[in-house]
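J.: For reference, the file final.cif (mmCIF, C-alpha atoms) is included below:
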data_final
loop_
_atom_site.label_atom_id
_atom_site.label_comp_id
_atom_site.auth_asym_id
_atom_site.auth_seq_id
_atom_site.Cartn_x
_atom_site.Cartn_y
_atom_site.Cartn_z
CA MET A 1 -52.75 15.22 -14.58
CA ILE A 2 -56.48 15.93 -14.96
CA GLU A 3 -58.49 13.26 -16.79
CA TYR A 4 -62.17 13.48 -17.73
CA LEU A 5 -63.87 10.09 -17.46
CA LYS A 6 -67.13 11.76 -18.49
CA ARG A 7 -67.81 15.17 -20.04
CA GLY A 8 -70.99 17.20 -20.41
CA LYS A 9 -72.14 19.34 -23.31
CA PRO A 10 -69.37 21.43 -24.86
CA GLU A 11 -69.36 25.14 -24.05
CA THR A 12 -70.33 26.02 -27.63
CA GLU A 13 -73.65 24.20 -27.31
CA ARG A 14 -74.30 25.72 -23.90
CA SER A 15 -73.65 29.19 -25.34
CA GLU A 16 -76.15 28.55 -28.13
CA ASP A 17 -78.78 27.63 -25.55
CA ASP A 18 -78.03 30.82 -23.59
CA ALA A 19 -78.39 32.96 -26.73
CA LYS A 20 -81.88 31.61 -27.39
CA VAL A 21 -82.89 32.35 -23.80
CA ARG A 22 -81.56 35.93 -24.04
CA GLU A 23 -83.64 36.68 -27.14
CA THR A 24 -86.83 35.28 -25.63
CA VAL A 25 -86.40 37.20 -22.37
CA GLU A 26 -85.60 40.50 -24.07
CA SER A 27 -88.73 40.46 -26.23
CA THR A 28 -90.92 39.32 -23.34
CA LEU A 29 -89.74 42.08 -21.00
CA LYS A 30 -90.49 44.66 -23.70
CA GLU A 31 -94.02 43.32 -23.93
CA ILE A 32 -94.51 43.60 -20.17
CA GLU A 33 -93.10 47.12 -20.07
CA GLN A 34 -95.33 48.29 -22.92
CA ARG A 35 -98.55 46.44 -22.12
CA GLY A 36 -98.41 45.80 -18.37
CA ASP A 37 -101.14 43.62 -16.88
CA ALA A 38 -102.47 42.54 -20.28
CA ALA A 39 -99.09 41.09 -21.27
CA VAL A 40 -98.68 39.38 -17.89
CA ARG A 41 -102.09 37.74 -18.24
CA GLU A 42 -101.40 36.53 -21.79
CA LEU A 43 -98.07 35.06 -20.71
CA SER A 44 -99.66 33.34 -17.72
CA GLU A 45 -102.35 31.84 -19.94
CA LYS A 46 -99.74 30.71 -22.47
CA PHE A 47 -97.17 29.17 -20.15
CA ASP A 48 -99.16 28.22 -17.04
CA ASN A 49 -102.74 27.94 -18.39
CA TYR A 50 -103.71 30.16 -15.47
CA SER A 51 -105.84 33.31 -15.60
CA PRO A 52 -107.52 34.16 -12.27
CA ALA A 53 -109.64 37.24 -11.61
CA SER A 54 -106.65 38.63 -9.68
CA PHE A 55 -103.10 37.31 -9.56
CA ARG A 56 -102.74 38.75 -6.07
CA LEU A 57 -104.14 36.52 -3.34
CA SER A 58 -106.55 38.08 -0.86
CA GLU A 59 -106.20 37.53 2.86
CA LYS A 60 -109.14 35.11 2.72
CA GLU A 61 -107.57 33.14 -0.12
CA ILE A 62 -104.30 32.90 1.81
CA LYS A 63 -106.12 31.74 4.94
CA ASP A 64 -108.12 29.13 2.98
CA LEU A 65 -104.97 27.78 1.30
CA MET A 66 -103.10 27.57 4.59
CA ALA A 67 -105.99 25.56 6.05
CA GLN A 68 -105.24 22.89 3.44
CA VAL A 69 -101.73 22.29 4.80
CA SER A 70 -101.55 19.31 7.16
CA PRO A 71 -100.48 19.94 10.77
CA ARG A 72 -97.28 17.92 10.25
CA ASP A 73 -96.34 19.85 7.11
CA MET A 74 -97.08 23.15 8.84
CA GLU A 75 -94.90 22.11 11.79
CA ASP A 76 -92.05 21.23 9.40
CA ILE A 77 -92.36 24.56 7.58
CA LYS A 78 -92.23 26.46 10.86
CA PHE A 79 -89.22 24.45 12.04
CA ALA A 80 -87.30 25.19 8.83
CA GLN A 81 -88.17 28.89 8.97
CA GLU A 82 -87.00 29.05 12.56
CA GLN A 83 -83.59 27.71 11.54
CA VAL A 84 -83.32 30.18 8.67
CA ARG A 85 -84.46 33.11 10.81
CA ASN A 86 -82.07 32.23 13.63
CA PHE A 87 -79.03 32.16 11.35
CA ALA A 88 -80.15 35.27 9.47
CA GLN A 89 -80.64 37.12 12.76
CA ALA A 90 -77.14 36.14 13.90
CA GLN A 91 -75.78 37.48 10.62
CA ARG A 92 -77.79 40.70 11.01
CA ASP A 93 -76.49 41.16 14.55
CA SER A 94 -72.94 40.97 13.22
CA MET A 95 -73.54 43.96 10.93
CA LEU A 96 -73.08 46.99 13.12
CA ASP A 97 -73.63 50.66 12.48
CA ILE A 98 -70.41 52.47 13.31
CA GLU A 99 -69.41 56.02 14.24
CA LEU A 100 -65.94 57.16 15.22
CA GLU A 101 -63.96 60.36 15.63
CA THR A 102 -61.04 59.91 13.24
CA MET A 103 -59.37 63.12 14.41
CA PRO A 104 -60.54 65.87 16.78
CA GLY A 105 -63.79 67.29 15.44
CA VAL A 106 -64.15 64.88 12.48
CA ILE A 107 -66.82 62.19 12.85
CA LEU A 108 -67.33 59.43 10.28
CA GLY A 109 -69.83 56.62 10.31
CA HIS A 110 -72.05 54.28 8.39
CA LYS A 111 -75.61 53.03 8.76
CA ASN A 112 -77.07 49.75 7.48
CA ILE A 113 -80.42 50.61 5.94
CA PRO A 114 -82.84 47.99 4.53
CA VAL A 115 -83.78 48.07 0.86
CA GLN A 116 -87.26 49.58 0.86
CA SER A 117 -89.03 47.05 -1.37
CA VAL A 118 -88.11 43.56 -2.51
CA GLY A 119 -89.65 41.11 -4.95
CA CYS A 120 -89.06 37.49 -3.98
CA TYR A 121 -89.40 34.83 -6.65
CA VAL A 122 -90.21 31.33 -5.44
CA PRO A 123 -89.97 28.65 -8.17
CA GLY A 124 -92.72 26.08 -8.29
CA GLY A 125 -93.87 25.12 -11.76
CA LYS A 126 -92.23 21.67 -11.76
CA PHE A 127 -91.62 21.23 -8.02
CA PRO A 128 -93.25 23.41 -5.32
CA MET A 129 -90.15 25.03 -3.83
CA VAL A 130 -91.44 25.63 -0.31
CA ALA A 131 -87.95 26.20 1.07
CA SER A 132 -87.22 29.07 -1.33
CA ALA A 133 -89.83 31.13 0.49
CA HIS A 134 -87.87 30.79 3.73
CA MET A 135 -84.65 31.81 2.02
CA SER A 136 -85.92 34.96 0.35
CA VAL A 137 -89.03 36.14 2.22
CA ALA A 138 -88.09 35.26 5.81
CA THR A 139 -84.55 36.60 5.38
CA ALA A 140 -85.90 39.87 3.99
CA SER A 141 -88.20 40.08 7.00
CA VAL A 142 -85.25 39.66 9.38
CA ALA A 143 -83.46 42.46 7.51
CA GLY A 144 -86.42 44.76 8.14
CA VAL A 145 -87.51 45.33 4.52
CA PRO A 146 -90.77 47.34 4.80
CA ARG A 147 -92.41 45.99 1.61
CA ILE A 148 -91.92 42.35 0.63
CA ILE A 149 -93.83 40.95 -2.32
CA ALA A 150 -93.61 37.33 -3.38
CA CYS A 151 -94.43 35.55 -6.64
CA THR A 152 -94.74 31.85 -7.34
CA PRO A 153 -96.19 30.05 -10.38
CA PRO A 154 -99.30 27.90 -10.10
CA PHE A 155 -98.62 24.25 -9.37
CA GLN A 156 -100.82 21.88 -11.36
CA GLY A 157 -103.11 24.75 -12.25
CA LYS A 158 -103.59 26.37 -8.85
CA PRO A 159 -101.70 27.96 -5.95
CA ASN A 160 -99.71 25.47 -3.92
CA PRO A 161 -100.93 25.69 -0.30
CA ALA A 162 -97.57 24.85 1.31
CA VAL A 163 -95.69 27.46 -0.73
CA ILE A 164 -98.31 30.12 0.06
CA ALA A 165 -98.15 29.20 3.76
CA ALA A 166 -94.35 29.56 3.74
CA MET A 167 -94.59 32.95 2.01
CA HIS A 168 -97.18 34.22 4.48
CA LEU A 169 -95.40 32.91 7.55
CA GLY A 170 -92.12 34.30 6.20
CA GLY A 171 -93.55 37.81 6.21
CA ALA A 172 -94.69 38.59 2.65
CA HIS A 173 -96.92 41.65 2.48
CA GLU A 174 -98.26 40.84 -1.03
CA ILE A 175 -98.49 37.39 -2.62
CA TYR A 176 -99.01 36.87 -6.36
CA VAL A 177 -99.51 33.60 -8.20
CA MET A 178 -97.50 34.06 -11.38
CA GLY A 179 -94.29 32.59 -12.65
CA GLY A 180 -91.38 32.90 -15.02
CA ILE A 181 -90.42 36.01 -16.96
CA GLN A 182 -93.85 37.56 -16.40
CA ALA A 183 -93.39 37.48 -12.62
CA ILE A 184 -89.87 38.93 -12.73
CA GLY A 185 -90.90 41.59 -15.24
CA ALA A 186 -94.04 42.58 -13.35
CA MET A 187 -92.16 42.97 -10.06
CA ALA A 188 -89.29 44.94 -11.55
CA LEU A 189 -91.09 47.08 -14.14
CA GLY A 190 -94.46 47.40 -12.45
CA THR A 191 -97.90 47.19 -14.05
CA GLU A 192 -101.21 48.93 -13.55
CA THR A 193 -101.84 46.79 -10.46
CA ILE A 194 -98.33 46.05 -9.16
CA ASP A 195 -95.98 48.74 -7.91
CA PRO A 196 -92.37 48.07 -8.95
CA VAL A 197 -89.80 46.98 -6.38
CA HIS A 198 -86.26 48.17 -5.75
CA MET A 199 -84.68 44.70 -5.72
CA LEU A 200 -85.31 41.17 -7.04
CA VAL A 201 -84.21 38.01 -5.24
CA GLY A 202 -84.67 34.28 -5.54
CA PRO A 203 -83.60 31.37 -7.75
CA GLY A 204 -85.23 30.16 -10.91
CA ASN A 205 -84.73 28.53 -14.29
CA ALA A 206 -82.59 29.93 -17.10
CA PHE A 207 -85.33 32.36 -18.17
CA VAL A 208 -85.77 33.76 -14.67
CA ALA A 209 -82.00 34.16 -14.25
CA GLU A 210 -81.69 35.90 -17.61
CA ALA A 211 -84.60 38.23 -16.84
CA LYS A 212 -82.87 39.27 -13.62
CA ARG A 213 -79.62 39.81 -15.52
CA GLN A 214 -81.28 42.05 -18.10
CA LEU A 215 -83.09 44.06 -15.41
CA PHE A 216 -80.00 44.54 -13.22
CA GLY A 217 -79.25 48.22 -12.92
CA ARG A 218 -82.87 49.18 -13.26
CA VAL A 219 -83.37 47.24 -10.04
CA GLY A 220 -80.94 45.51 -7.74
CA ILE A 221 -80.63 41.74 -7.74
CA ASP A 222 -79.25 39.27 -5.25
CA LEU A 223 -77.10 37.35 -7.74
CA PHE A 224 -77.34 35.30 -10.91
CA ALA A 225 -79.00 32.15 -9.63
CA GLY A 226 -79.59 29.94 -12.63
CA PRO A 227 -80.00 26.15 -12.90
CA THR A 228 -78.74 24.19 -9.91
CA GLU A 229 -75.11 23.07 -9.93
CA THR A 230 -73.51 20.52 -7.66
CA MET A 231 -70.01 19.17 -7.18
CA VAL A 232 -68.83 16.24 -5.11
CA ILE A 233 -65.20 16.26 -4.01
CA ALA A 234 -64.42 12.79 -2.73
CA ASP A 235 -61.65 10.31 -2.02
CA GLU A 236 -61.71 6.67 -0.97
CA THR A 237 -63.00 7.51 2.52
CA VAL A 238 -66.53 7.36 1.06
CA ASP A 239 -68.29 4.94 -1.26
CA ALA A 240 -69.83 5.20 -4.68
CA GLU A 241 -73.43 4.98 -3.45
CA MET A 242 -73.04 8.17 -1.44
CA CYS A 243 -71.32 10.01 -4.29
CA ALA A 244 -73.90 8.93 -6.87
CA THR A 245 -76.80 9.80 -4.58
CA ASP A 246 -75.43 13.28 -3.92
CA LEU A 247 -74.88 13.93 -7.63
CA LEU A 248 -78.33 12.74 -8.77
CA GLY A 249 -80.05 14.37 -5.81
CA GLN A 250 -79.33 17.74 -7.41
CA ALA A 251 -79.48 16.64 -11.07
CA GLU A 252 -83.22 16.04 -10.63
CA HIS A 253 -83.77 19.82 -10.37
CA GLY A 254 -83.91 20.24 -14.14
CA TYR A 255 -82.66 19.14 -17.54
CA ASN A 256 -79.64 21.44 -17.40
CA SER A 257 -78.30 21.04 -13.87
CA PRO A 258 -74.53 20.34 -13.90
CA ALA A 259 -73.34 17.61 -11.53
CA VAL A 260 -69.59 17.02 -11.25
CA LEU A 261 -67.51 14.44 -9.39
CA VAL A 262 -63.91 15.44 -8.63
CA THR A 263 -61.84 12.64 -7.17
CA ASN A 264 -58.31 11.29 -6.91
CA SER A 265 -59.55 7.69 -6.93
CA ARG A 266 -60.08 5.96 -10.27
CA LYS A 267 -61.82 3.12 -8.47
CA LEU A 268 -64.34 5.49 -6.84
CA ALA A 269 -64.89 7.31 -10.13
CA GLU A 270 -65.64 4.13 -12.07
CA GLN A 271 -67.84 2.70 -9.33
CA THR A 272 -69.77 5.99 -9.09
CA LEU A 273 -70.50 5.88 -12.82
CA GLU A 274 -71.86 2.34 -12.39
CA GLU A 275 -73.86 3.35 -9.31
CA ILE A 276 -75.43 6.28 -11.14
CA ASP A 277 -76.65 3.93 -13.87
CA ARG A 278 -78.14 1.65 -11.19
CA ILE A 279 -79.91 4.47 -9.32
CA LEU A 280 -81.34 5.95 -12.51
CA GLU A 281 -83.18 2.68 -13.04
CA ILE A 282 -85.15 3.16 -9.82
CA LEU A 283 -85.19 6.95 -9.24
CA PRO A 284 -88.75 8.32 -9.65
CA THR A 285 -87.34 11.58 -11.07
CA ALA A 286 -85.01 9.81 -13.50
CA ASP A 287 -86.75 11.34 -16.52
CA THR A 288 -85.21 14.67 -15.48
CA ALA A 289 -82.06 13.55 -13.68
CA SER A 290 -80.95 11.22 -16.48
CA VAL A 291 -81.07 13.98 -19.10
CA SER A 292 -79.23 16.38 -16.81
CA TRP A 293 -76.57 13.76 -16.05
CA ARG A 294 -76.23 12.80 -19.73
CA ASP A 295 -75.79 16.39 -20.94
CA TYR A 296 -74.17 18.11 -17.97
CA GLY A 297 -72.65 15.41 -15.78
CA GLU A 298 -68.87 15.17 -15.48
CA VAL A 299 -66.38 12.93 -13.72
CA ILE A 300 -62.91 14.41 -13.29
CA LEU A 301 -59.99 12.28 -12.10
CA CYS A 302 -57.08 14.12 -10.48
CA ASP A 303 -53.65 13.03 -9.29
CA SER A 304 -53.60 14.93 -5.99
CA TYR A 305 -55.63 16.94 -3.51
CA ASP A 306 -53.96 20.13 -4.75
CA GLU A 307 -55.15 19.32 -8.27
CA MET A 308 -58.66 18.62 -6.95
CA LEU A 309 -58.65 22.02 -5.26
CA GLU A 310 -57.49 23.72 -8.46
CA VAL A 311 -60.25 22.09 -10.51
CA ALA A 312 -62.91 22.88 -7.92
CA ASP A 313 -61.98 26.56 -7.69
CA ASP A 314 -61.93 26.85 -11.48
CA ILE A 315 -65.44 25.38 -11.83
CA ALA A 316 -66.75 27.43 -8.85
CA SER A 317 -69.82 25.25 -8.41
CA GLU A 318 -72.92 26.40 -6.57
CA HIS A 319 -72.97 23.47 -4.12
CA VAL A 320 -69.78 21.67 -3.14
CA GLN A 321 -70.06 18.46 -1.13
CA VAL A 322 -66.65 17.59 0.37
CA MET A 323 -66.12 14.04 1.61
CA THR A 324 -62.42 13.40 2.10
CA ASP A 325 -59.85 12.71 4.79
CA ARG A 326 -59.14 16.47 4.92
CA ASP A 327 -62.46 18.31 4.72
CA ASP A 328 -61.24 21.25 6.83
CA TRP A 329 -58.28 21.66 4.48
CA PHE A 330 -60.72 22.32 1.65
CA LEU A 331 -62.66 24.74 3.89
CA GLU A 332 -59.44 26.61 4.59
CA ASN A 333 -58.18 26.69 1.02
CA MET A 334 -61.18 26.83 -1.32
CA THR A 335 -61.98 30.35 -2.54
CA CYS A 336 -64.61 30.02 -5.29
CA TYR A 337 -67.95 28.31 -4.59
CA GLY A 338 -71.52 28.94 -3.51
CA ALA A 339 -71.67 26.90 -0.30
CA LEU A 340 -69.64 24.06 1.19
CA PHE A 341 -71.11 20.93 2.74
CA LEU A 342 -68.39 19.28 4.78
CA GLY A 343 -68.24 15.59 5.60
CA PRO A 344 -70.49 12.64 4.77
CA ARG A 345 -72.94 13.40 7.60
CA THR A 346 -74.15 16.56 5.90
CA ASN A 347 -75.45 17.02 2.38
CA VAL A 348 -76.75 19.65 -0.01
CA SER A 349 -80.38 18.86 0.77
CA ASN A 350 -79.75 20.00 4.36
CA GLY A 351 -78.86 23.43 3.03
CA ASP A 352 -81.65 23.41 0.48
CA LYS A 353 -84.42 22.71 2.95
CA VAL A 354 -83.80 23.02 6.65
CA ILE A 355 -80.39 23.54 8.25
CA GLY A 356 -80.55 27.35 8.26
CA THR A 357 -78.02 28.59 5.72
CA ASN A 358 -79.44 30.20 2.60
CA HIS A 359 -79.88 28.07 -0.49
CA THR A 360 -80.00 30.89 -3.06
CA LEU A 361 -76.42 30.65 -4.28
CA PRO A 362 -74.21 31.83 -7.18
CA THR A 363 -74.07 29.72 -10.35
CA LYS A 364 -72.19 29.89 -13.67
CA LYS A 365 -68.90 30.75 -11.94
CA ALA A 366 -70.40 33.75 -10.09
CA GLY A 367 -68.93 32.25 -6.92
CA ARG A 368 -65.64 33.80 -8.04
CA TYR A 369 -66.95 37.26 -7.08
CA THR A 370 -69.97 36.87 -4.81
CA GLY A 371 -71.43 34.67 -2.13
CA GLY A 372 -75.07 33.68 -1.86
CA LEU A 373 -78.19 35.45 -0.67
CA TRP A 374 -78.04 36.42 2.99
CA VAL A 375 -79.52 39.06 5.25
CA GLY A 376 -76.77 41.50 4.28
CA LYS A 377 -77.93 41.51 0.65
CA TYR A 378 -81.06 43.36 1.77
CA LEU A 379 -79.06 46.04 3.58
CA LYS A 380 -77.38 49.08 2.06
CA THR A 381 -74.40 50.42 3.95
CA HIS A 382 -74.45 54.22 3.71
CA SER A 383 -71.67 56.44 5.02
CA TYR A 384 -71.96 59.87 6.59
CA GLN A 385 -69.55 62.57 7.72
CA LYS A 386 -69.78 65.36 10.26
CA ILE A 387 -67.29 68.10 11.29
CA THR A 388 -68.00 69.64 14.65
CA THR A 389 -65.20 72.19 15.27
CA ASP A 390 -63.83 75.23 13.43
CA GLU A 391 -60.31 73.86 13.76
CA ALA A 392 -61.21 70.58 12.05
CA ALA A 393 -63.16 72.34 9.29
CA THR A 394 -60.11 74.51 8.60
CA LYS A 395 -57.57 71.70 8.63
CA ILE A 396 -59.59 69.31 6.45
CA GLY A 397 -60.49 72.24 4.20
CA GLU A 398 -56.87 73.19 3.61
CA TYR A 399 -55.89 69.67 2.65
CA GLY A 400 -59.00 69.27 0.52
CA SER A 401 -58.41 72.58 -1.26
CA ARG A 402 -54.89 71.67 -2.30
CA LEU A 403 -55.84 68.15 -3.39
CA CYS A 404 -58.70 69.50 -5.52
CA MET A 405 -56.37 71.96 -7.23
CA LEU A 406 -53.92 69.11 -7.83
CA GLU A 407 -56.60 67.52 -10.00
CA GLY A 408 -57.71 70.80 -11.59
CA PHE A 409 -61.11 70.97 -9.91
CA VAL A 410 -61.37 74.66 -9.03
CA GLY A 411 -65.04 74.50 -8.08
CA HIS A 412 -64.31 71.60 -5.76
CA ALA A 413 -61.49 73.60 -4.19
CA GLU A 414 -63.83 76.51 -3.54
CA GLN A 415 -66.13 74.27 -1.52
CA CYS A 416 -63.16 73.73 0.78
CA ASN A 417 -61.89 77.33 0.58
CA VAL A 418 -65.15 78.89 1.71
CA ARG A 419 -64.91 76.85 4.92
CA VAL A 420 -61.27 77.80 5.40
CA ARG A 421 -62.19 81.49 5.07
CA ARG A 422 -65.32 81.27 7.22
CA TYR A 423 -64.18 78.96 10.03
CA GLY A 424 -60.42 79.58 9.96
CA GLY A 425 -60.40 83.27 9.24
CA LYS A 426 -57.77 82.72 6.53
CA ASN A 427 -57.59 84.63 3.26
CA VAL A 428 -57.59 82.12 0.39
CA PRO A 429 -57.87 83.88 -2.98
CA TYR A 430 -60.70 82.66 -5.18
CA GLY A 431 -59.56 79.98 -7.59
CA GLN A 432 -56.42 79.07 -5.70
CA GLY A 433 -55.53 76.33 -3.29
CA ALA A 434 -55.03 76.99 0.42
CA GLU A 435 -51.46 77.61 1.54
#
Take the structure I supplied and represent it as structure tokens, if you would.

T.:
Amino acid sequence: MIEYLKRGKPETERSEDDAKVRETVESTLKEIEQRGDAAVRELSEKFDNYSPASFRLSEKEIKDLMAQVSPRDMEDIKFAQEQVRNFAQAQRDSMLDIELETMPGVILGHKNIPVQSVGCYVPGGKFPMVASAHMSVATASVAGVPRIIACTPPFQGKPNPAVIAAMHLGGAHEIYVMGGIQAIGAMALGTETIDPVHMLVGPGNAFVAEAKRQLFGRVGIDLFAGPTETMVIADETVDAEMCATDLLGQAEHGYNSPAVLVTNSRKLAEQTLEEIDRILEILPTADTASVSWRDYGEVILCDSYDEMLEVADDIASEHVQVMTDRDDWFLENMTCYGALFLGPRTNVSNGDKVIGTNHTLPTKKAGRYTGGLWVGKYLKTHSYQKITTDEAATKIGEYGSRLCMLEGFVGHAEQCNVRVRRYGGKNVPYGQGAE
């Protein structure tokens, strides 16, 4: 039996919050589409108190900002990007173009072609999200995207040097200092000074996620990456300090970041609740994490591992930290999540910052139908067909003709019939299927 020792906000209140965000985003995107650069500048002044001569950084500005990054920080950035690039390259190498002869004279194949332009959003208004540049920009570079533009909001009133360095080293061709809806709208819709892109990627707050949702179809998107979510699946093989630390480590992202403990141990659940209260007394980011935990934190007590699995798959959390006596069992059986972090030696921060897997992951149950951002998201798989013999053209044409007539598509059938007549020398009356 499933028992909630702590619940977050009810779904009705969360839905009300979402509705307010939708209205704000819709009106803002209309402003950007109608007024272009002027609207972007007004929004930047309003929300970020930032209005430079140009939102796009020049090569000199990029160089000067990178010079402000300490050698140790630069070394760490390069190390993290190397891990991300290595894994992305291995993924890219697994995606092969194929061509095969399915029957004599009939050749089918597909090619993996990069999206031609991508806009990468790197959050940074509250925390400078250096790692997000690796995940979006560097991965796009590995995929071979020919035009990569990157946007990040100003941090404390100016460009953050480490974020700009990560964007540049990752392979961004254009770097803009702008955030929020105005950045997403400018990249997708275009302005007088920014050419629109074919695809948007990168995480962000609720407004960024909603802007991507509303623009989907007009441009491609990676996925709906809203506020960070984390889940800890644990049994008595670990202690409350580790569980509490892993929950609050992600709750500090924002005021609406769900953090959920799923356990079959009442003792661990109760001790984790106590440990969270203790840590919040000393955590420097407690002003954010405490609100997130109060409104979105949950502790769910289950009777069995099967029940824990059922709950976890239903919630489909973005990050799932598994610390049990059967971690590989969860790996084998879980089907709905963003990314798994298996065993107490690993943790979500590894994936967020350095280990090499991508940290842009599905939220709000999107893990039921998609995985996270990866090199394959930047590639379009396009098929092609080729018939090289008269015999194959005739045989495929005869089948195609009859199947078209079966559906009542006479014009379709004639596309097949003309080949049957021309390459097979057979008399197929106009408007009829081949014999």

J.: Separation of atom CA of A:Arg218 and atom CA of A:Asn205, in Å?

T.: 20.8 Å

J.: Given the PyMOL selection byres ((chain A and resi 272-278) around 10) and the file above, list the residues it selects as a VMD selection string.

T.: chain A and resid 5 to 6 239 to 245 247 to 248 261 266 to 271 279 to 283 290 293 298 to 299

J.: Those residues you just picked out, can you put them in a file as a short mmCIF file (atom, residue, chain, number, x, y, z; two decimals), in the frame of the given file with C-alpha atoms?

T.:
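Result written to again.cif:
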data_model
loop_
_atom_site.label_atom_id
_atom_site.label_comp_id
_atom_site.auth_asym_id
_atom_site.auth_seq_id
_atom_site.Cartn_x
_atom_site.Cartn_y
_atom_site.Cartn_z
CA LEU A 5 -63.87 10.09 -17.46
CA LYS A 6 -67.13 11.76 -18.49
CA ASP A 239 -68.29 4.94 -1.26
CA ALA A 240 -69.83 5.20 -4.68
CA GLU A 241 -73.43 4.98 -3.45
CA MET A 242 -73.04 8.17 -1.44
CA CYS A 243 -71.32 10.01 -4.29
CA ALA A 244 -73.90 8.93 -6.87
CA THR A 245 -76.80 9.80 -4.58
CA LEU A 247 -74.88 13.93 -7.63
CA LEU A 248 -78.33 12.74 -8.77
CA LEU A 261 -67.51 14.44 -9.39
CA ARG A 266 -60.08 5.96 -10.27
CA LYS A 267 -61.82 3.12 -8.47
CA LEU A 268 -64.34 5.49 -6.84
CA ALA A 269 -64.89 7.31 -10.13
CA GLU A 270 -65.64 4.13 -12.07
CA GLN A 271 -67.84 2.70 -9.33
CA ILE A 279 -79.91 4.47 -9.32
CA LEU A 280 -81.34 5.95 -12.51
CA GLU A 281 -83.18 2.68 -13.04
CA ILE A 282 -85.15 3.16 -9.82
CA LEU A 283 -85.19 6.95 -9.24
CA SER A 290 -80.95 11.22 -16.48
CA TRP A 293 -76.57 13.76 -16.05
CA GLU A 298 -68.87 15.17 -15.48
CA VAL A 299 -66.38 12.93 -13.72
#

J.: Please write as a compact mmCIF listing (two decimals) with C-alpha atoms, keeping the file's coordinate frame the full residue list that the PyMOL selection byres ((chain A and resi 30-43) around 12) yields on this file.

T.:
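Written out: result06.txt:
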# COMPACT_ATOMS: atom_id res chain seq x y z
CA GLU A 23 -83.64 36.68 -27.14
CA THR A 24 -86.83 35.28 -25.63
CA VAL A 25 -86.40 37.20 -22.37
CA GLU A 26 -85.60 40.50 -24.07
CA SER A 27 -88.73 40.46 -26.23
CA THR A 28 -90.92 39.32 -23.34
CA LEU A 29 -89.74 42.08 -21.00
CA SER A 44 -99.66 33.34 -17.72
CA GLU A 45 -102.35 31.84 -19.94
CA LYS A 46 -99.74 30.71 -22.47
CA PHE A 47 -97.17 29.17 -20.15
CA ASP A 48 -99.16 28.22 -17.04
CA ASN A 49 -102.74 27.94 -18.39
CA TYR A 50 -103.71 30.16 -15.47
CA SER A 51 -105.84 33.31 -15.60
CA PRO A 52 -107.52 34.16 -12.27
CA ALA A 53 -109.64 37.24 -11.61
CA SER A 54 -106.65 38.63 -9.68
CA PHE A 55 -103.10 37.31 -9.56
CA ARG A 56 -102.74 38.75 -6.07
CA PRO A 153 -96.19 30.05 -10.38
CA TYR A 176 -99.01 36.87 -6.36
CA VAL A 177 -99.51 33.60 -8.20
CA MET A 178 -97.50 34.06 -11.38
CA GLY A 179 -94.29 32.59 -12.65
CA GLY A 180 -91.38 32.90 -15.02
CA ILE A 181 -90.42 36.01 -16.96
CA GLN A 182 -93.85 37.56 -16.40
CA ALA A 183 -93.39 37.48 -12.62
CA ILE A 184 -89.87 38.93 -12.73
CA GLY A 185 -90.90 41.59 -15.24
CA ALA A 186 -94.04 42.58 -13.35
CA MET A 187 -92.16 42.97 -10.06
CA ALA A 188 -89.29 44.94 -11.55
CA LEU A 189 -91.09 47.08 -14.14
CA GLY A 190 -94.46 47.40 -12.45
CA THR A 191 -97.90 47.19 -14.05
CA GLU A 192 -101.21 48.93 -13.55
CA THR A 193 -101.84 46.79 -10.46
CA ILE A 194 -98.33 46.05 -9.16
CA ASP A 195 -95.98 48.74 -7.91
CA PRO A 196 -92.37 48.07 -8.95
CA ALA A 211 -84.60 38.23 -16.84
CA GLN A 214 -81.28 42.05 -18.10
CA LEU A 215 -83.09 44.06 -15.41

J.: Here is a test: counting only C-alpha atoms, which residue of A:Leu406, A:Val115, A:Val320, A:Val163 is nearest to A:Thr346?

T.: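 The closest residue to A:Thr346 is A:Val320.
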
J.: With the PyMOL selection byres ((chain A and resi 159) around 10) as the selection, what would be picked from this file? Answer as a list in words, please.

T.: Tyr50, Leu57, Glu61, Ile62, Leu65, Gly124, Pro128, Thr152, Pro153, Pro154, Phe155, Gln156, Gly157, Lys158, Asn160, Pro161, Ala162, Val163, Ile164, Tyr176, Val177 and Met178 of chain A

J.: Give me the residues near A:Ala131 as a list in words, where near means some atom within 7 Å (using all atoms listed in the file) and where sequence neighbours in that chain fewer than 2 positions away do not count.

T.: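 Surrounding residues, per the criterion: Met129, Ala133, His134, Met135, Asp352 and Lys353 of chain A.
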
J.: Rounded to one decimal, what separation in Å do you get between atom CA of A:Lys60 and atom CA of A:Gly170?

T.: 17.4 Å

J.: By how many Å are atom CA of A:Asn427 and atom CA of A:Ile387 apart?

T.: 20.8 Å

J.: Using all atoms listed in the file, which of the listed residues (A:Tyr378, A:Phe330, A:Tyr423, A:Tyr4) sits closest to A:His198?

T.: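 So, comparing all the options, the nearest one is A:Tyr378.
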
J.: Extract, using only C-alpha atoms, all DNA, RNA and protein residues at most 6 Å from stretch 93-99 of chain A, discarding same-chain residues fewer than 4 positions from it, and format them as a PyMOL selection string.

T.: chain A and resi 108-111

J.: Which is closer to A:Glu101 than all the others in A:Ala138, A:Ala259, A:Ala392, A:Ala286, using only C-alpha atoms?

T.: A:Ala392

J.: For A:Ala234, work out the shell of residues within 6 Å, counting only C-alpha atoms and skipping chain neighbours fewer than 2 positions away, then give it as number ranges by chain.

T.: A: 263, 323-324

J.: Please identify all polymer residues within 12 Å of stretch 80-82 of chain A, counting only C-alpha atoms, omitting same-chain residues fewer than 6 positions from it, and present them as a ChimeraX atom specification.

T.: /A:73-74,88-89,130-139,141-142,165-171,350-358
